[in-house]
>>> print(open('query.csv').read())   # CSV, C-alpha atoms
chain,number,residue,atom,x,y,z
P,25,MET,CA,-86.9,28.3,-11.7
P,26,ARG,CA,-86.2,29.6,-8.2
P,27,TRP,CA,-89.7,29.4,-6.9
P,28,ILE,CA,-89.9,25.7,-7.7
P,29,LYS,CA,-86.7,25.2,-5.5
P,30,SER,CA,-88.3,27.3,-2.8
P,31,ILE,CA,-91.5,25.2,-2.9
P,32,ALA,CA,-89.5,22.0,-2.8
P,33,ARG,CA,-87.6,23.3,0.3
P,34,GLU,CA,-90.9,24.5,1.8
P,35,ILE,CA,-92.5,21.1,1.3
P,36,TYR,CA,-89.5,19.3,3.0
P,37,GLY,CA,-89.8,21.9,5.8
P,38,LEU,CA,-93.5,21.0,6.2
P,39,PHE,CA,-92.5,17.6,7.5
P,40,VAL,CA,-89.0,17.9,8.9
P,41,ASP,CA,-87.9,20.5,11.5
P,42,ASP,CA,-85.8,18.3,13.8
P,43,GLY,CA,-84.4,15.4,11.8
P,44,SER,CA,-84.2,12.9,14.8
P,45,PHE,CA,-87.8,13.7,15.7
P,46,ALA,CA,-89.1,13.0,12.2
P,47,ILE,CA,-87.0,9.8,12.0
P,48,ALA,CA,-88.3,8.5,15.4
P,49,ILE,CA,-91.9,9.1,14.2
P,50,LEU,CA,-91.3,7.2,10.9
P,51,VAL,CA,-89.5,4.3,12.7
P,52,TRP,CA,-92.4,3.9,15.2
P,53,LEU,CA,-95.0,4.1,12.3
P,54,GLY,CA,-92.9,1.5,10.4
P,55,LEU,CA,-92.9,-0.8,13.4
P,56,ALA,CA,-96.7,-0.4,13.8
P,57,VAL,CA,-97.4,-1.1,10.2
P,58,ALA,CA,-95.2,-4.2,10.3
P,59,VAL,CA,-96.5,-5.6,13.6
P,60,VAL,CA,-100.2,-4.7,13.7
P,61,PRO,CA,-101.5,-7.0,10.9
P,62,HIS,CA,-99.8,-10.0,12.6
P,63,ALA,CA,-101.1,-9.2,16.1
P,64,ALA,CA,-104.8,-10.0,15.6
P,65,SER,CA,-105.2,-11.1,19.2
P,66,SER,CA,-104.0,-7.8,20.6
P,67,ALA,CA,-105.6,-5.6,17.9
P,68,ARG,CA,-107.6,-3.7,20.6
P,69,TRP,CA,-104.4,-2.5,22.1
P,70,ALA,CA,-102.7,-1.6,18.9
P,71,GLY,CA,-104.3,1.8,18.5
P,72,PRO,CA,-103.6,3.0,22.1
P,73,ALA,CA,-100.0,1.6,21.8
P,74,LEU,CA,-99.5,3.5,18.6
P,75,PHE,CA,-100.6,6.7,20.3
P,76,ALA,CA,-98.5,6.0,23.4
P,77,GLY,CA,-95.3,5.6,21.3
P,78,LEU,CA,-96.0,8.8,19.4
P,79,ALA,CA,-96.7,10.7,22.7
P,80,LEU,CA,-93.4,9.4,24.2
P,81,ILE,CA,-91.5,10.6,21.1
P,82,LEU,CA,-93.1,14.1,21.4
P,83,ILE,CA,-92.3,14.2,25.2
P,84,ALA,CA,-88.7,13.1,24.7
P,85,SER,CA,-88.1,15.5,21.9
P,86,VAL,CA,-89.4,18.6,23.6
P,87,LEU,CA,-87.6,17.8,26.9
P,88,ARG,CA,-84.3,17.1,25.0
P,89,PHE,CA,-84.7,20.6,23.4
P,90,ALA,CA,-85.4,22.2,26.7
P,91,ARG,CA,-82.3,20.6,28.3
P,92,ARG,CA,-80.0,21.5,25.4
P,93,ARG,CA,-81.0,25.1,25.5
P,94,LYS,CA,-79.0,26.6,28.3
E,5,MET,CA,-129.9,8.7,17.3
E,6,ASP,CA,-128.2,6.8,14.6
E,7,LEU,CA,-124.6,6.2,15.7
E,8,SER,CA,-123.2,6.1,12.2
E,9,LEU,CA,-124.7,9.5,11.5
E,10,GLY,CA,-123.1,10.9,14.7
E,11,HIS,CA,-119.7,9.5,13.7
E,12,GLU,CA,-120.1,11.0,10.2
E,13,ALA,CA,-121.0,14.4,11.7
E,14,THR,CA,-117.9,14.2,14.0
E,15,ARG,CA,-115.7,13.4,11.1
E,16,LEU,CA,-117.1,16.2,8.9
E,17,TRP,CA,-116.9,18.8,11.7
E,18,THR,CA,-113.4,17.9,12.8
E,19,THR,CA,-112.2,17.9,9.2
E,20,LEU,CA,-113.8,21.3,8.6
E,21,VAL,CA,-112.4,22.9,11.8
E,22,ALA,CA,-108.9,21.4,11.3
E,23,SER,CA,-108.8,22.7,7.7
E,24,PHE,CA,-110.1,26.1,8.6
E,25,LEU,CA,-107.7,26.7,11.5
E,26,ALA,CA,-104.6,25.3,9.7
E,27,SER,CA,-105.4,27.4,6.6
E,28,LEU,CA,-106.0,30.5,8.7
E,29,VAL,CA,-102.4,30.4,10.0
E,30,GLU,CA,-101.0,30.1,6.5
E,31,CYS,CA,-103.3,32.8,5.1
E,32,VAL,CA,-102.2,35.3,7.8
E,33,GLU,CA,-98.5,34.8,6.8
E,34,ALA,CA,-99.3,35.2,3.1
E,35,LEU,CA,-101.5,38.3,3.8
E,36,THR,CA,-98.6,40.0,5.6
E,37,VAL,CA,-96.4,39.9,2.5
E,38,VAL,CA,-99.2,40.6,0.0
E,39,LEU,CA,-100.1,43.7,2.0
E,40,ALA,CA,-96.5,44.8,2.1
E,41,VAL,CA,-96.3,44.4,-1.7
E,42,GLY,CA,-99.6,46.2,-2.3
E,43,SER,CA,-98.8,49.2,-0.1
E,44,VAL,CA,-95.3,49.7,-1.4
E,45,ARG,CA,-95.5,48.6,-5.1
E,46,GLY,CA,-99.2,49.1,-5.9
E,47,TRP,CA,-102.2,46.8,-5.8
E,48,PRO,CA,-102.6,45.6,-9.4
E,49,GLY,CA,-99.3,43.6,-9.4
E,50,ALA,CA,-99.9,42.3,-5.8
E,51,LEU,CA,-103.5,41.2,-6.4
E,52,ALA,CA,-102.7,39.7,-9.8
E,53,GLY,CA,-99.8,37.7,-8.4
E,54,ALA,CA,-101.8,36.4,-5.5
E,55,ALA,CA,-104.8,35.6,-7.7
E,56,THR,CA,-102.7,33.7,-10.3
E,57,ALA,CA,-101.1,31.6,-7.5
E,58,LEU,CA,-104.6,30.8,-6.1
E,59,GLY,CA,-105.7,29.6,-9.5
E,60,VAL,CA,-102.6,27.3,-9.8
E,61,LEU,CA,-103.3,26.0,-6.3
E,62,ALA,CA,-107.0,25.3,-7.0
E,63,GLY,CA,-105.9,23.5,-10.1
E,64,ILE,CA,-103.6,21.2,-8.1
E,65,VAL,CA,-106.4,20.4,-5.6
E,66,ALA,CA,-108.8,19.7,-8.5
E,67,ALA,CA,-106.2,17.4,-10.2
E,68,VAL,CA,-104.7,15.5,-7.2
E,69,GLY,CA,-107.8,15.2,-5.0
E,70,PRO,CA,-110.0,13.0,-7.3
E,71,ALA,CA,-106.9,11.0,-8.3
E,72,LEU,CA,-106.3,10.0,-4.6
E,73,THR,CA,-109.8,8.5,-4.4
E,74,ARG,CA,-108.8,5.9,-6.9
E,75,ILE,CA,-106.0,4.5,-4.7
E,76,PRO,CA,-107.1,1.9,-2.1
E,77,LEU,CA,-108.2,3.7,1.1
E,78,HIS,CA,-105.9,1.9,3.5
E,79,LEU,CA,-102.9,2.9,1.4
E,80,VAL,CA,-104.0,6.5,1.3
E,81,GLN,CA,-104.7,6.4,5.0
E,82,LEU,CA,-101.2,5.1,5.7
E,83,ALA,CA,-99.3,7.5,3.4
E,84,VAL,CA,-101.4,10.6,4.2
E,85,GLY,CA,-101.6,9.7,7.9
E,86,ALA,CA,-97.8,9.4,8.1
E,87,MET,CA,-97.4,12.8,6.3
E,88,ILE,CA,-100.0,14.5,8.4
E,89,LEU,CA,-98.5,13.1,11.6
E,90,LEU,CA,-95.0,14.4,10.6
E,91,PHE,CA,-96.6,17.8,9.8
E,92,GLY,CA,-99.0,18.0,12.8
E,93,MET,CA,-96.5,16.8,15.4
E,94,ARG,CA,-93.9,19.2,14.1
E,95,TRP,CA,-96.4,22.1,14.6
E,96,LEU,CA,-97.3,20.8,18.0
E,97,ARG,CA,-93.7,20.4,19.1
E,98,LYS,CA,-92.9,24.0,17.9
E,99,ALA,CA,-96.0,25.4,19.5
E,100,ILE,CA,-95.1,23.8,22.9
E,101,LEU,CA,-91.6,25.2,22.7
E,102,ARG,CA,-92.9,28.6,21.8
E,103,SER,CA,-95.5,28.6,24.6
E,104,ALA,CA,-92.7,27.6,27.0
E,105,GLY,CA,-90.6,30.6,25.8
E,106,LEU,CA,-87.8,28.4,24.4
E,107,ILE,CA,-88.4,29.6,20.7
E,108,ALA,CA,-89.3,33.1,19.7
E,109,LEU,CA,-92.9,33.8,18.6
E,110,HIS,CA,-93.6,34.6,15.0
E,111,ASN,CA,-94.0,38.4,14.6
E,112,GLU,CA,-96.2,39.6,11.7
E,113,GLN,CA,-95.5,43.3,12.4
E,114,ALA,CA,-91.7,42.6,12.1
E,115,ALA,CA,-92.2,40.5,9.0
E,116,TYR,CA,-94.3,43.3,7.4
E,117,ALA,CA,-91.6,46.0,8.3
E,118,LYS,CA,-88.8,43.8,6.8
E,119,ASN,CA,-90.8,43.2,3.6
E,120,THR,CA,-91.8,46.8,3.0
E,121,ALA,CA,-88.2,47.9,3.6
E,122,ALA,CA,-86.9,45.4,1.1
E,123,LEU,CA,-89.5,46.3,-1.5
E,124,ARG,CA,-88.9,50.1,-1.2
E,125,GLY,CA,-85.2,49.5,-1.9
E,126,ALA,CA,-85.9,47.6,-5.1
E,127,GLY,CA,-86.5,50.7,-7.3
E,128,VAL,CA,-89.6,52.0,-9.1
E,129,ALA,CA,-91.2,50.0,-11.9
E,130,ARG,CA,-92.4,51.6,-15.1
E,131,GLY,CA,-95.7,50.2,-16.3
E,132,TRP,CA,-96.5,46.6,-15.2
E,133,ASP,CA,-94.7,45.9,-11.9
E,134,ARG,CA,-93.2,42.4,-12.4
E,135,LEU,CA,-91.5,42.5,-9.0
E,136,ALA,CA,-94.9,43.0,-7.2
E,137,PHE,CA,-96.4,40.2,-9.2
E,138,ALA,CA,-93.5,37.8,-8.5
E,139,VAL,CA,-93.3,38.5,-4.8
E,140,ALA,CA,-97.1,38.1,-4.3
E,141,PHE,CA,-97.2,35.0,-6.5
E,142,ASN,CA,-94.3,33.4,-4.6
E,143,ILE,CA,-95.6,33.9,-1.1
E,144,THR,CA,-99.1,32.8,-2.1
E,145,MET,CA,-97.7,29.7,-3.7
E,146,LEU,CA,-95.4,29.0,-0.8
E,147,GLU,CA,-98.0,29.3,2.0
E,148,GLY,CA,-100.7,28.0,-0.3
E,149,THR,CA,-98.8,24.8,-0.9
E,150,GLU,CA,-99.1,24.1,2.8
E,151,VAL,CA,-102.8,24.8,2.6
E,152,VAL,CA,-103.1,22.5,-0.4
E,153,PHE,CA,-101.3,19.7,1.4
E,154,ILE,CA,-103.6,20.1,4.4
E,155,VAL,CA,-106.7,20.1,2.3
E,156,ILE,CA,-105.6,17.0,0.3
E,157,ALA,CA,-104.4,15.2,3.4
E,158,LEU,CA,-107.6,15.9,5.4
E,159,GLY,CA,-109.8,15.3,2.4
E,160,ALA,CA,-108.3,12.1,1.2
E,161,SER,CA,-109.4,10.0,4.1
E,162,GLY,CA,-113.1,9.6,3.3
E,163,ARG,CA,-115.8,10.1,0.9
E,164,GLY,CA,-117.0,13.7,0.7
E,165,LEU,CA,-114.3,15.0,2.9
E,166,MET,CA,-112.3,16.7,0.1
E,167,TRP,CA,-115.2,19.2,-0.3
E,168,THR,CA,-115.4,19.7,3.5
E,169,ALA,CA,-111.6,20.3,3.8
E,170,SER,CA,-111.7,22.6,0.7
E,171,LEU,CA,-114.6,24.5,2.3
E,172,GLY,CA,-112.6,25.0,5.5
E,173,ALA,CA,-109.7,26.4,3.5
E,174,ILE,CA,-111.9,28.7,1.4
E,175,ALA,CA,-113.6,30.0,4.5
E,176,ALA,CA,-110.2,30.8,6.0
E,177,LEU,CA,-109.1,32.6,2.8
E,178,LEU,CA,-112.2,34.6,2.7
E,179,THR,CA,-112.0,35.5,6.4
E,180,ILE,CA,-108.4,36.7,6.2
E,181,SER,CA,-109.0,38.5,2.9
E,182,ALA,CA,-112.0,40.3,4.4
E,183,LEU,CA,-109.9,41.3,7.5
E,184,GLY,CA,-107.0,42.4,5.3
E,185,VAL,CA,-109.3,44.6,3.1
E,186,ALA,CA,-111.0,46.1,6.3
E,187,LEU,CA,-107.8,46.7,8.3
E,188,HIS,CA,-105.1,47.3,5.6
E,189,ARG,CA,-102.4,46.1,8.0
E,190,PRO,CA,-100.9,42.8,9.1
E,191,LEU,CA,-103.0,40.7,11.5
E,192,ALA,CA,-100.5,41.0,14.3
E,193,ARG,CA,-103.2,40.2,17.0
E,194,VAL,CA,-104.1,36.8,15.6
E,195,PRO,CA,-102.9,34.3,18.3
E,196,GLU,CA,-100.8,32.4,15.8
E,197,ASN,CA,-99.1,30.2,18.3
E,198,THR,CA,-102.4,29.2,19.9
E,199,LEU,CA,-103.8,28.4,16.5
E,200,LYS,CA,-100.7,26.3,15.7
E,201,PHE,CA,-101.1,24.6,19.1
E,202,VAL,CA,-104.7,23.6,18.3
E,203,VAL,CA,-104.0,22.6,14.7
E,204,GLY,CA,-101.0,20.5,15.8
E,205,VAL,CA,-103.3,18.7,18.3
E,206,LEU,CA,-106.0,18.1,15.6
E,207,LEU,CA,-103.6,16.9,12.9
E,208,SER,CA,-101.6,14.7,15.3
E,209,ALA,CA,-104.9,13.0,16.3
E,210,PHE,CA,-106.1,12.6,12.7
E,211,GLY,CA,-102.7,11.3,11.6
E,212,THR,CA,-102.5,8.7,14.5
E,213,PHE,CA,-106.1,7.6,13.7
E,214,TRP,CA,-105.5,7.1,10.0
E,215,VAL,CA,-102.2,5.4,10.3
E,216,GLY,CA,-103.8,3.0,12.8
E,217,GLU,CA,-106.7,2.4,10.5
E,218,GLY,CA,-104.4,1.9,7.5
E,219,ALA,CA,-102.4,-0.6,9.4
E,220,GLY,CA,-105.5,-2.6,10.3
E,221,THR,CA,-106.1,-1.3,13.9
E,222,VAL,CA,-109.6,-1.5,15.3
E,223,TRP,CA,-109.9,1.7,17.3
E,224,PRO,CA,-112.0,1.6,20.5
E,225,GLY,CA,-115.2,3.6,19.7
E,226,ASN,CA,-114.4,3.7,16.0
E,227,ASP,CA,-114.5,7.3,14.7
E,228,LEU,CA,-115.1,8.6,18.3
E,229,ALA,CA,-111.4,7.6,18.9
E,230,VAL,CA,-110.5,10.9,17.0
E,231,PRO,CA,-111.9,13.3,19.7
E,232,ALA,CA,-110.4,11.0,22.4
E,233,LEU,CA,-107.0,11.3,20.7
E,234,MET,CA,-107.4,15.0,20.4
E,235,ALA,CA,-108.1,15.3,24.1
E,236,ALA,CA,-105.1,13.1,25.0
E,237,TYR,CA,-102.6,15.1,22.8
E,238,LEU,CA,-104.0,18.3,24.2
E,239,VAL,CA,-103.5,17.3,27.8
E,240,ILE,CA,-100.0,16.0,27.1
E,241,ALA,CA,-99.1,19.2,25.2
E,242,LEU,CA,-100.5,21.5,27.9
E,243,CYS,CA,-98.6,19.6,30.6
E,244,LEU,CA,-95.4,19.8,28.6
E,245,VAL,CA,-95.4,23.6,28.5
E,246,PRO,CA,-94.7,24.2,32.2
E,247,VAL,CA,-92.5,21.1,32.4
E,248,CYS,CA,-90.2,22.4,29.6
E,249,ARG,CA,-90.1,25.8,31.2
E,250,SER,CA,-88.9,24.4,34.6
E,251,VAL,CA,-86.4,22.0,32.9
E,252,ALA,CA,-84.9,24.8,30.9
E,253,ARG,CA,-84.7,27.0,34.1
E,254,ALA,CA,-83.2,24.2,36.2
E,255,ASP,CA,-80.6,23.4,33.6
E,256,ALA,CA,-79.7,27.1,33.3
E,257,VAL,CA,-79.2,27.4,37.1
E,258,GLU,CA,-77.0,24.2,37.1
E,259,GLY,CA,-75.1,25.4,34.0
>>> encode(input="query.csv", output="structure tokens")
Amino acid sequence: MRWIKSIAREIYGLFVDDGSFAIAILVWLGLAVAVVPHAASSARWAGPALFAGLALILIASVLRFARRRK
Amino acid sequence: MDLSLGHEATRLWTTLVASFLASLVECVEALTVVLAVGSVRGWPGALAGAATALGVLAGIVAAVGPALTRIPLHLVQLAVGAMILLFGMRWLRKAILRSAGLIALHNEQAAYAKNTAALRGAGVARGWDRLAFAVAFNITMLEGTEVVFIVIALGASGRGLMWTASLGAIAALLTISALGVALHRPLARVPENTLKFVVGVLLSAFGTFWVGEGAGTVWPGNDLAVPALMAAYLVIALCLVPVCRSVARADAVEG
């Protein structure tokens, strides 16, 4: 059925617009999930560090788009 | 004042507002096509298609929502948090680029004109209009799937939040339906990009918080970290708009 294919495409499109942006987010989240449980002493900084990484990914992605678009 | 009650209220309100605004954007896009179908092909097929899709979507929420509550909370927070981050940051990125003028804004009036022209060219139906039903069903399913994802993602992170998130989506549906019935034309004046900007900020903040919680992070201020994250994402996004504009301009001059 065509609408099921359309929905599958739509669901993929929900999460992925720019492939490298999505991959960078997932890699950063993977690192956070791997490191945070073993870093009990710095657990207070884990949340802000998680946010800072995501903010940097967002900044890098939009600036790269702005530079590419001439 | 009991602090835990304050945190609970913050969580309920932010979930309700995020669900309402995100659903509002999707409902506007679906309304444009359903209006085009109704005005060109007739209302029985259009309304039946939209209503059938809404029934299917409600069934999905009813089936998937309670099932998620049986999975350990930290796993749900990690999985849903990651998905909502991908979704929210994608919206936020696009909204920043649209606000900076680097991507064209979505135009409901143009979408309406394109859909009515295509439907007029499809010939006249005798009796039950299957095309009207199919087009209205498809668009409601497509946009509604995004609403369902948002409701499930926002609702899965805590007890009682599924109802709150559903309420936000239902309120958005009723608001847009009422406006559609009253105006009988696409809602071209809805500031769609502003809504996407706000929802992108809200979802990015929720996603960051949940992934952190799922990974075992202790957030400073506990649930109050959510509004702090929202404020931080909003400031960064607002600063990025003029920066992107000037970067694009400078590169154009150099190029």
>>> closest_residue(input="query.csv", among="E:Ala138, E:Leu238, E:Leu165, E:Leu61", to="Gly204 in chain E", atoms="only C-alpha atoms")
E:Leu238
>>> closest_residue(input="query.csv", among="E:Glu217, E:Asp255, E:Glu147, E:Asp227", to="Gly85 in chain E", atoms="all atoms listed in the file")
E:Glu217
>>> closest_residue(input="query.csv", among="E:Tyr237, E:Tyr116, E:Trp95, E:Phe201", to="Asp42 in chain P", atoms="all atoms listed in the file")
E:Trp95
>>> closest_atom_pairs(input="query.csv", of="range 175-257 of chain E", to="range 64-81 of chain E", cutoff="6 Å", atoms="all atoms listed in the file", output="Markdown table")
| residue | atom | partner | partner_atom | distance |
| --- | --- | --- | --- | --- |
| E:Trp214 | CA | E:Gln81 | CA | 5.1 |
| E:Val215 | CA | E:Gln81 | CA | 5.9 |
| E:Gly218 | CA | E:His78 | CA | 4.3 |
>>> residues_around(input="query.csv", residues="Tyr36 in chain P", least_positions_apart="4", cutoff="12 Å", atoms="only C-alpha atoms", output="PyMOL selection string")
(chain P and resi 29-32+40-43+46) or (chain E and resi 87+90-91+94+146+149-150+153)
>>> closest_atom_pairs(input="query.csv", of="chain E", to="chain P", cutoff="6 Å", atoms="only C-alpha atoms", output="JSON lines")
{"residue": "E:Leu90", "atom": "CA", "partner": "P:Phe39", "partner_atom": "CA", "distance": 5.1}
{"residue": "E:Phe91", "atom": "CA", "partner": "P:Phe39", "partner_atom": "CA", "distance": 4.7}
{"residue": "E:Leu146", "atom": "CA", "partner": "P:Ile31", "partner_atom": "CA", "distance": 5.8}
{"residue": "E:Gly216", "atom": "CA", "partner": "P:Gly71", "partner_atom": "CA", "distance": 5.8}
{"residue": "E:Ala219", "atom": "CA", "partner": "P:Val57", "partner_atom": "CA", "distance": 5.1}
{"residue": "E:Gly220", "atom": "CA", "partner": "P:Pro61", "partner_atom": "CA", "distance": 6.0}
{"residue": "E:Thr221", "atom": "CA", "partner": "P:Gly71", "partner_atom": "CA", "distance": 5.8}
{"residue": "E:Trp223", "atom": "CA", "partner": "P:Gly71", "partner_atom": "CA", "distance": 5.7}
{"residue": "E:Cys248", "atom": "CA", "partner": "P:Ala90", "partner_atom": "CA", "distance": 5.6}
{"residue": "E:Ala252", "atom": "CA", "partner": "P:Ala90", "partner_atom": "CA", "distance": 5.0}
{"residue": "E:Ala256", "atom": "CA", "partner": "P:Lys94", "partner_atom": "CA", "distance": 5.1}
>>> write_last_selection(input="query.csv", atoms="C-alpha atoms", output="PDB file, in the coordinates of the input")
ATOM      1  CA  LEU E  90     -95.000  14.400  10.600  1.00  0.00           C
ATOM      2  CA  PHE E  91     -96.600  17.800   9.800  1.00  0.00           C
ATOM      3  CA  LEU E 146     -95.400  29.000  -0.800  1.00  0.00           C
ATOM      4  CA  GLY E 216    -103.800   3.000  12.800  1.00  0.00           C
ATOM      5  CA  ALA E 219    -102.400  -0.600   9.400  1.00  0.00           C
ATOM      6  CA  GLY E 220    -105.500  -2.600  10.300  1.00  0.00           C
ATOM      7  CA  THR E 221    -106.100  -1.300  13.900  1.00  0.00           C
ATOM      8  CA  TRP E 223    -109.900   1.700  17.300  1.00  0.00           C
ATOM      9  CA  CYS E 248     -90.200  22.400  29.600  1.00  0.00           C
ATOM     10  CA  ALA E 252     -84.900  24.800  30.900  1.00  0.00           C
ATOM     11  CA  ALA E 256     -79.700  27.100  33.300  1.00  0.00           C
TER      12      ALA E 256
END
>>> atom_distance(input="query.csv", atom1="CA of Ala173 in chain E", atom2="CA of Lys98 in chain E")
22.3 Å
>>> closest_residue(input="query.csv", among="E:Ala160, E:Ala34, E:Val205, E:Ala169", to="Leu82 in chain E", atoms="only C-alpha atoms")
E:Ala160
>>> atom_distance(input="query.csv", atom1="CA of Thr19 in chain E", atom2="CA of Gly159 in chain E")
7.7 Å
>>> residues_near_point(input="query.csv", point="(-110.8, 22.7, 5.2)", cutoff="9 Å", atoms="all atoms listed in the file", output="ChimeraX atom specification")
/E:19-27,151,154-155,158-159,165-176
>>> atom_distance(input="query.csv", atom1="CA of Leu89 in chain E", atom2="CA of Gly105 in chain E")
23.9 Å
>>> closest_residue(input="query.csv", among="E:Ala54, E:Ala40, E:Leu101, E:Val152", to="Ala117 in chain E", atoms="only C-alpha atoms")
E:Ala40
>>> residues_around(input="query.csv", residues="range 198-200 of chain E", least_positions_apart="2", cutoff="7 Å", atoms="only C-alpha atoms", output="list in words")
Leu25, Val29, Trp95, Leu96, Ala99, Pro195, Glu196, Val202, Val203 and Gly204 of chain E
>>> residues_around(input="query.csv", residues="Ala209 in chain E", least_positions_apart="3", cutoff="8 Å", atoms="all atoms listed in the file", output="JSON, numbers by chain")
{"E": [89, 205, 206, 212, 213, 230, 231, 233, 234, 237]}
>>> decode(input="query.csv", residues="range 49-61 of chain E", atoms="N, CA and C atoms", output="short mmCIF file (atom, residue, chain, number, x, y, z; two decimals), in the first residue's frame")
data_model
loop_
_atom_site.label_atom_id
_atom_site.label_comp_id
_atom_site.auth_asym_id
_atom_site.auth_seq_id
_atom_site.Cartn_x
_atom_site.Cartn_y
_atom_site.Cartn_z
N GLY E 49 -16.86 12.91 1.54
CA GLY E 49 -15.63 12.12 1.38
C GLY E 49 -14.49 12.68 2.19
N ALA E 50 -14.34 14.02 2.17
CA ALA E 50 -13.24 14.66 2.89
C ALA E 50 -13.34 14.43 4.39
N LEU E 51 -14.54 14.63 4.93
CA LEU E 51 -14.71 14.49 6.38
C LEU E 51 -14.62 13.03 6.81
N ALA E 52 -15.16 12.13 5.97
CA ALA E 52 -15.08 10.70 6.31
C ALA E 52 -13.62 10.24 6.30
N GLY E 53 -12.84 10.69 5.32
CA GLY E 53 -11.42 10.31 5.25
C GLY E 53 -10.66 10.81 6.45
N ALA E 54 -10.88 12.08 6.81
CA ALA E 54 -10.16 12.66 7.96
C ALA E 54 -10.59 11.98 9.26
N ALA E 55 -11.91 11.72 9.39
CA ALA E 55 -12.40 11.10 10.63
C ALA E 55 -11.88 9.67 10.79
N THR E 56 -11.83 8.92 9.67
CA THR E 56 -11.31 7.54 9.73
C THR E 56 -9.85 7.54 10.17
N ALA E 57 -9.06 8.44 9.59
CA ALA E 57 -7.65 8.52 9.96
C ALA E 57 -7.49 8.89 11.44
N LEU E 58 -8.33 9.82 11.91
CA LEU E 58 -8.26 10.21 13.33
C LEU E 58 -8.56 9.02 14.24
N GLY E 59 -9.53 8.19 13.81
CA GLY E 59 -9.86 6.98 14.58
C GLY E 59 -8.67 6.03 14.65
N VAL E 60 -8.00 5.82 13.49
CA VAL E 60 -6.82 4.93 13.45
C VAL E 60 -5.73 5.48 14.37
N LEU E 61 -5.50 6.78 14.29
CA LEU E 61 -4.44 7.41 15.09
C LEU E 61 -4.74 7.31 16.60
#
